[in-house]
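File shown: data-v4.cif. Contents: mmCIF, C-alpha atoms.
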```cif
data_upload
#
loop_
_atom_site.label_atom_id
_atom_site.label_comp_id
_atom_site.auth_asym_id
_atom_site.auth_seq_id
_atom_site.Cartn_x
_atom_site.Cartn_y
_atom_site.Cartn_z
CA MET A 1 37.95 47.38 -54.21
CA ILE A 2 35.70 49.98 -52.61
CA ARG A 3 35.47 49.67 -48.82
CA PRO A 4 32.34 50.95 -47.06
CA ILE A 5 32.81 54.04 -44.94
CA TYR A 6 31.64 53.74 -41.32
CA SER A 7 31.20 56.48 -38.76
CA PHE A 8 33.02 56.27 -35.44
CA ALA A 9 29.82 55.23 -33.67
CA GLU A 10 29.25 52.46 -36.20
CA VAL A 11 32.81 51.19 -35.78
CA VAL A 12 32.39 51.04 -32.00
CA TYR A 13 29.07 49.19 -32.41
CA LEU A 14 30.57 46.64 -34.80
CA GLU A 15 33.52 45.99 -32.47
CA ARG A 16 31.18 45.41 -29.54
CA ALA A 17 28.98 43.10 -31.61
CA GLU A 18 32.01 41.09 -32.70
CA LYS A 19 33.26 40.77 -29.12
CA LEU A 20 29.76 39.76 -27.94
CA ALA A 21 29.49 37.09 -30.62
CA HIS A 22 32.95 35.78 -29.73
CA LYS A 23 32.02 35.76 -26.04
CA THR A 24 28.85 33.80 -26.79
CA VAL A 25 30.82 31.15 -28.65
CA ILE A 26 33.34 30.88 -25.78
CA GLU A 27 30.55 30.64 -23.22
CA ARG A 28 28.97 27.81 -25.20
CA LEU A 29 32.26 25.95 -25.38
CA VAL A 30 32.79 26.40 -21.65
CA ALA A 31 29.28 25.11 -20.98
CA VAL A 32 29.97 22.00 -23.06
CA VAL A 33 33.29 21.38 -21.30
CA ARG A 34 31.68 21.83 -17.89
CA SER A 35 28.88 19.46 -18.85
CA LYS A 36 31.39 16.78 -19.84
CA ASN A 37 33.52 17.24 -16.75
CA ALA A 38 30.67 17.37 -14.24
CA SER A 39 28.65 14.34 -13.18
CA PRO A 40 25.92 13.95 -15.82
CA THR A 41 22.29 14.13 -14.74
CA TRP A 42 19.02 12.97 -16.28
CA ASN A 43 18.64 16.43 -17.84
CA ASP A 44 21.91 15.91 -19.71
CA VAL A 45 20.76 12.51 -20.94
CA ARG A 46 17.36 13.87 -21.97
CA THR A 47 19.01 16.64 -23.97
CA VAL A 48 21.15 14.15 -25.90
CA LEU A 49 18.16 11.86 -26.51
CA LEU A 50 16.37 14.66 -28.34
CA ASP A 51 18.77 14.07 -31.24
CA PHE A 52 17.97 10.33 -31.45
CA ASP A 53 15.67 9.01 -34.14
CA ARG A 54 13.41 5.98 -33.68
CA ALA A 55 16.08 3.50 -34.79
CA GLY A 56 18.65 5.10 -32.52
CA LEU A 57 16.38 4.86 -29.48
CA ARG A 58 15.55 1.25 -30.29
CA GLY A 59 19.26 0.44 -30.54
CA LEU A 60 19.95 2.15 -27.22
CA VAL A 61 17.20 0.17 -25.45
CA GLN A 62 18.52 -3.04 -27.01
CA ASP A 63 22.01 -2.32 -25.69
CA LEU A 64 20.61 -1.62 -22.23
CA TYR A 65 18.55 -4.83 -22.42
CA THR A 66 21.63 -6.95 -23.11
CA ALA A 67 23.82 -5.11 -20.61
CA SER A 68 22.47 -6.81 -17.46
CA LYS A 69 19.87 -9.26 -16.20
CA GLU A 70 18.48 -6.52 -13.95
CA ASN A 71 17.70 -4.41 -17.01
CA ARG A 72 16.00 -7.37 -18.68
CA ALA A 73 13.87 -8.03 -15.61
CA PHE A 74 12.94 -4.34 -15.47
CA LEU A 75 11.82 -4.22 -19.10
CA HIS A 76 9.93 -7.53 -18.91
CA ALA A 77 8.01 -6.27 -15.88
CA ARG A 78 7.36 -2.83 -17.33
CA LEU A 79 6.17 -4.24 -20.66
CA GLY A 80 4.24 -7.17 -19.17
CA LEU A 81 6.30 -9.85 -20.90
CA GLY A 82 6.76 -13.46 -19.82
CA HIS A 83 4.59 -15.84 -17.79
CA ASP A 84 6.30 -15.04 -14.46
CA GLN A 85 7.60 -11.50 -14.29
CA LEU A 86 8.36 -11.78 -10.56
CA GLN A 87 10.76 -14.71 -10.89
CA PRO A 88 13.96 -12.69 -11.54
CA PHE A 89 13.22 -10.44 -8.56
CA LYS A 90 12.52 -13.47 -6.35
CA ALA A 91 15.78 -15.05 -7.50
CA ASN A 92 17.69 -11.95 -6.40
CA ILE A 93 15.95 -11.97 -3.02
CA SER A 94 16.86 -15.62 -2.47
CA THR A 95 20.45 -15.03 -3.54
CA TRP A 96 21.09 -12.25 -1.04
CA ILE A 97 18.85 -13.18 1.89
CA CYS A 98 19.86 -16.84 2.12
CA LEU A 99 23.51 -17.47 2.94
CA ASP A 100 25.23 -20.08 0.77
CA LEU A 101 27.56 -21.74 3.27
CA MET A 102 29.11 -23.99 0.62
CA ASN A 103 30.23 -21.06 -1.54
CA ASN A 104 31.23 -18.82 1.36
CA GLN A 105 28.66 -16.25 0.24
CA SER A 106 27.71 -13.33 2.44
CA VAL A 107 24.19 -12.10 3.19
CA SER A 108 23.14 -8.66 1.98
CA VAL A 109 19.82 -7.41 3.28
CA SER A 110 20.20 -4.19 1.27
CA LYS A 111 20.61 -6.07 -2.03
CA ALA A 112 17.67 -8.34 -1.24
CA LYS A 113 15.51 -5.29 -0.52
CA LYS A 114 16.80 -3.63 -3.69
CA ALA A 115 15.14 -6.40 -5.72
CA ILE A 116 11.79 -5.26 -4.35
CA ALA A 117 12.66 -1.62 -4.98
CA ASP A 118 13.64 -2.47 -8.56
CA TYR A 119 10.28 -4.12 -9.17
CA LYS A 120 8.53 -1.07 -7.72
CA LYS A 121 10.38 1.17 -10.18
CA ALA A 122 9.64 -1.16 -13.08
CA ILE A 123 5.89 -1.53 -12.55
CA GLY A 124 5.10 -1.69 -8.81
CA ARG A 125 1.75 -3.47 -9.01
CA PRO A 126 0.23 -3.88 -5.50
CA LYS A 127 -0.12 -7.66 -5.85
CA GLY A 128 3.49 -7.93 -6.99
CA MET A 129 4.71 -5.82 -4.08
CA ALA A 130 2.72 -7.97 -1.63
CA GLU A 131 4.05 -11.18 -3.18
CA LEU A 132 7.71 -10.10 -3.16
CA SER A 133 7.65 -8.74 0.39
CA ILE A 134 6.00 -11.89 1.76
CA PHE A 135 8.41 -14.04 -0.25
CA TYR A 136 11.29 -12.13 1.36
CA CYS A 137 9.91 -12.98 4.81
CA GLU A 138 9.37 -16.63 3.92
CA GLU A 139 12.91 -16.98 2.58
CA ALA A 140 14.39 -15.21 5.61
CA PHE A 141 12.47 -17.39 8.06
CA GLY A 142 13.53 -20.51 6.21
CA PHE A 143 17.15 -19.43 6.43
CA LEU A 144 16.96 -18.56 10.15
CA GLU A 145 15.31 -21.89 10.93
CA SER A 146 17.94 -23.84 9.03
CA CYS A 147 21.09 -22.25 10.39
CA SER A 148 20.10 -20.42 13.58
CA MET A 149 22.05 -17.30 12.61
CA GLU A 150 22.45 -14.86 15.49
CA ASP A 151 22.22 -11.50 13.76
CA GLU A 152 19.91 -8.95 15.34
CA SER A 153 20.07 -6.54 12.37
CA TYR A 154 19.01 -9.33 9.99
CA PHE A 155 16.05 -10.17 12.18
CA ALA A 156 15.12 -6.48 12.62
CA ALA A 157 15.03 -6.12 8.82
CA LEU A 158 12.77 -9.18 8.66
CA ILE A 159 10.35 -7.64 11.18
CA ARG A 160 10.24 -4.41 9.18
CA MET A 161 9.58 -6.32 5.97
CA TYR A 162 6.74 -8.20 7.66
CA GLY A 163 5.22 -4.84 8.56
CA ARG A 164 5.63 -3.66 4.97
CA SER A 165 3.95 -6.87 3.78
CA LEU A 166 0.92 -6.09 5.90
CA GLU A 167 0.78 -2.60 4.39
CA PHE A 168 0.96 -3.94 0.85
CA VAL A 169 -1.78 -6.49 1.53
CA SER A 170 -3.97 -3.84 3.12
CA SER A 171 -3.81 -1.85 -0.14
CA LEU A 172 -5.37 -4.75 -2.05
CA PRO A 173 -9.12 -5.19 -2.54
CA ALA A 174 -10.57 -7.37 0.24
CA ALA A 175 -11.34 -10.16 -2.22
CA GLN A 176 -7.64 -10.53 -3.08
CA ARG A 177 -6.25 -10.68 0.46
CA ALA A 178 -7.15 -14.19 1.64
CA THR A 179 -4.13 -16.09 0.30
CA TYR A 180 -1.68 -13.44 1.44
CA LEU A 181 -3.22 -13.26 4.91
CA GLU A 182 -2.94 -17.02 5.27
CA ARG A 183 0.77 -16.87 4.47
CA LEU A 184 1.35 -13.93 6.83
CA ASP A 185 -0.52 -15.71 9.60
CA LYS A 186 1.71 -18.78 9.19
CA LEU A 187 4.81 -16.58 9.29
CA ARG A 188 3.98 -15.06 12.65
CA SER A 189 3.62 -18.53 14.17
CA ARG A 190 7.18 -19.25 13.02
CA GLY A 191 8.51 -16.28 14.97
CA SER A 192 8.84 -18.39 18.11
CA HIS A 193 11.49 -20.53 16.42
CA VAL A 194 14.01 -17.77 15.79
CA GLY A 195 14.27 -15.91 19.09
CA TRP A 196 14.70 -12.15 19.63
CA GLY A 197 11.09 -11.91 20.80
CA GLY A 198 10.03 -12.45 17.22
CA GLN A 199 6.60 -13.82 17.74
CA ASP A 200 5.61 -10.94 20.01
CA GLU A 201 6.81 -8.42 17.41
CA LEU A 202 4.94 -10.13 14.60
CA ASN A 203 1.78 -10.53 16.65
CA SER A 204 1.87 -6.86 17.50
CA LEU A 205 2.12 -5.86 13.84
CA TRP A 206 -0.58 -8.35 12.85
CA HIS A 207 -3.12 -7.13 15.40
CA ALA A 208 -2.34 -3.47 14.69
CA ALA A 209 -3.13 -4.01 11.00
CA ALA A 210 -6.41 -5.80 11.89
CA LEU A 211 -6.62 -7.23 8.38
CA ASP A 212 -8.25 -10.45 9.52
CA GLU A 213 -11.03 -8.44 11.16
CA GLN A 214 -11.57 -6.38 8.02
CA GLN A 215 -11.68 -9.57 5.98
CA SER A 216 -14.52 -11.00 8.10
CA GLU A 217 -16.67 -7.88 7.86
#
```

Exercise: express the given structure as structure tokens:
Amino acid sequence: MIRPIYSFAEVVYLERAEKLAHKTVIERLVAVVRSKNASPTWNDVRTVLLDFDRAGLRGLVQDLYTASKENRAFLHARLGLGHDQLQPFKANISTWICLDLMNNQSVSVSKAKKAIADYKKAIGRPKGMAELSIFYCEEAFGFLESCSMEDESYFAALIRMYGRSLEFVSSLPAAQRATYLERLDKLRSRGSHVGWGGQDELNSLWHAAALDEQQSE
């Protein structure tokens, strides 16, 4: 077998090229290991998804759909499916904002607010945001009136949500505001029943928004 004859310079070049190629392979392996050990990010997920075909993506979405009711509510809202896309989000608000004394359930303002945030991520239509935020306030007032819970943080969250409701309604066309304004007006009259200077707080937010004045113009 005849071996090719290389000059010294060529031998040095070939050795360096071999070491460089080996180093590149090692670096790639290290990068993969680091990626698996570190907390994955959306960029990692996106990279993997590039290898999915249509059937694979459909299967992944189906698995996510069946994994939780929150995922199902998200997809129904995003895709405009069902006759009442807000119902699952309202159910979550009711679950966490209204204490179930019989089942020893605890209130979670953060989880009730998360239902609204989830809807915003899914589709976030202005009318839907107005409806969910006002529904939150109505449920919270109903709970406070029924059990007289003395929790300043709960009431403070309610006041903030009332303010957010006014903002959502103000983003709607004037022709769509009437029903929402009527409900918000009724809510501020209920503030006197729950203490903590509630009615004054609600009146202040109501007059600052001046939505009723805009409506009459």

I'd like the residues picked by the PyMOL selection byres ((chain A and resi 155) around 9) written out as a ChimeraX atom specification, using the chain letters and numbers from the file. /A:140,144,150-154,156-160,194,196,198

Quick one: what's the axis-aligned box for range 145-158 of chain A, all listed atoms, 5 Å on every side, centre and edges in Å to one decimal, as lines of an AutoDock Vina configuration file?
```
center_x = 17.6
center_y = -15.0
center_z = 12.1
size_x = 19.7
size_y = 27.7
size_z = 16.8
```

As an exercise, work out the distance from CA of Asp185 in chain A to CA of Val109 in chain A in Å and give it to one decimal place.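 For CA of Asp185 in chain A relative to CA of Val109 in chain A, the distance reads 22.9 Å.
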
Please provide as number ranges by chain all residues within 12 Å of Phe135 in chain A, with the sequence filter that same-chain residues fewer than 6 positions apart are discarded (counting only C-alpha atoms). A: 86-87, 89-94, 97, 112-113, 115-116, 128-129, 141-142, 158, 161-162, 164-165, 180, 183-184, 187

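Residues matching the PyMOL selection byres ((chain A and resi 124) around 12) in this structure come to A:Phe74, A:Ala77, A:Arg78, A:Gly80, A:Gln85, A:Leu86, A:Phe89, A:Ala115, A:Ile116, A:Ala117, A:Asp118, A:Tyr119, A:Lys120, A:Lys121, A:Ala122, A:Ile123, A:Arg125, A:Pro126, A:Lys127, A:Gly128, A:Met129, A:Ala130, A:Glu131, A:Leu132, A:Ser133, A:Phe168.
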
For Met149 in chain A, which residue among A:Leu99, A:Gln105, A:Asp44, A:Asp51 is the nearest when counting only C-alpha atoms?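 Nearest candidate to Met149 in chain A out of A:Leu99, A:Gln105, A:Asp44, A:Asp51: A:Leu99.
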
Do you have the CA of His83 in chain A-CA of Arg54 in chain A distance handy?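 So the two atoms, CA of His83 in chain A and CA of Arg54 in chain A, lie 28.4 Å apart.
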
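In this model, the gap between CA of His207 in chain A and CA of Leu172 in chain A comes to 17.8 Å.
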
When you count all atoms listed in the file, which of these residues is closest to Phe143 in chain A: A:Val107, A:Val169, A:Ala175, A:Ala38?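 Smallest separation from Phe143 in chain A among the options: A:Val107.
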
Which one is closest to Pro88 in chain A: A:Ser170, A:Ser68, A:Ser106, A:Ser192? Count only C-alpha atoms.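 Nearest to Pro88 in chain A: A:Ser68.
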
Under the rule that all atoms listed in the file are counted, which of A:Leu202, A:Glu70, A:Ile134, A:Leu211 is the nearest residue to Ala178 in chain A? A:Leu211

Identify which of the residues A:Leu166, A:Ala174, A:Leu75, A:Cys98 lies closest to Glu138 in chain A, counting all atoms listed in the file when measuring atom-to-atom distances.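 Nearest candidate to Glu138 in chain A out of A:Leu166, A:Ala174, A:Leu75, A:Cys98: A:Cys98.
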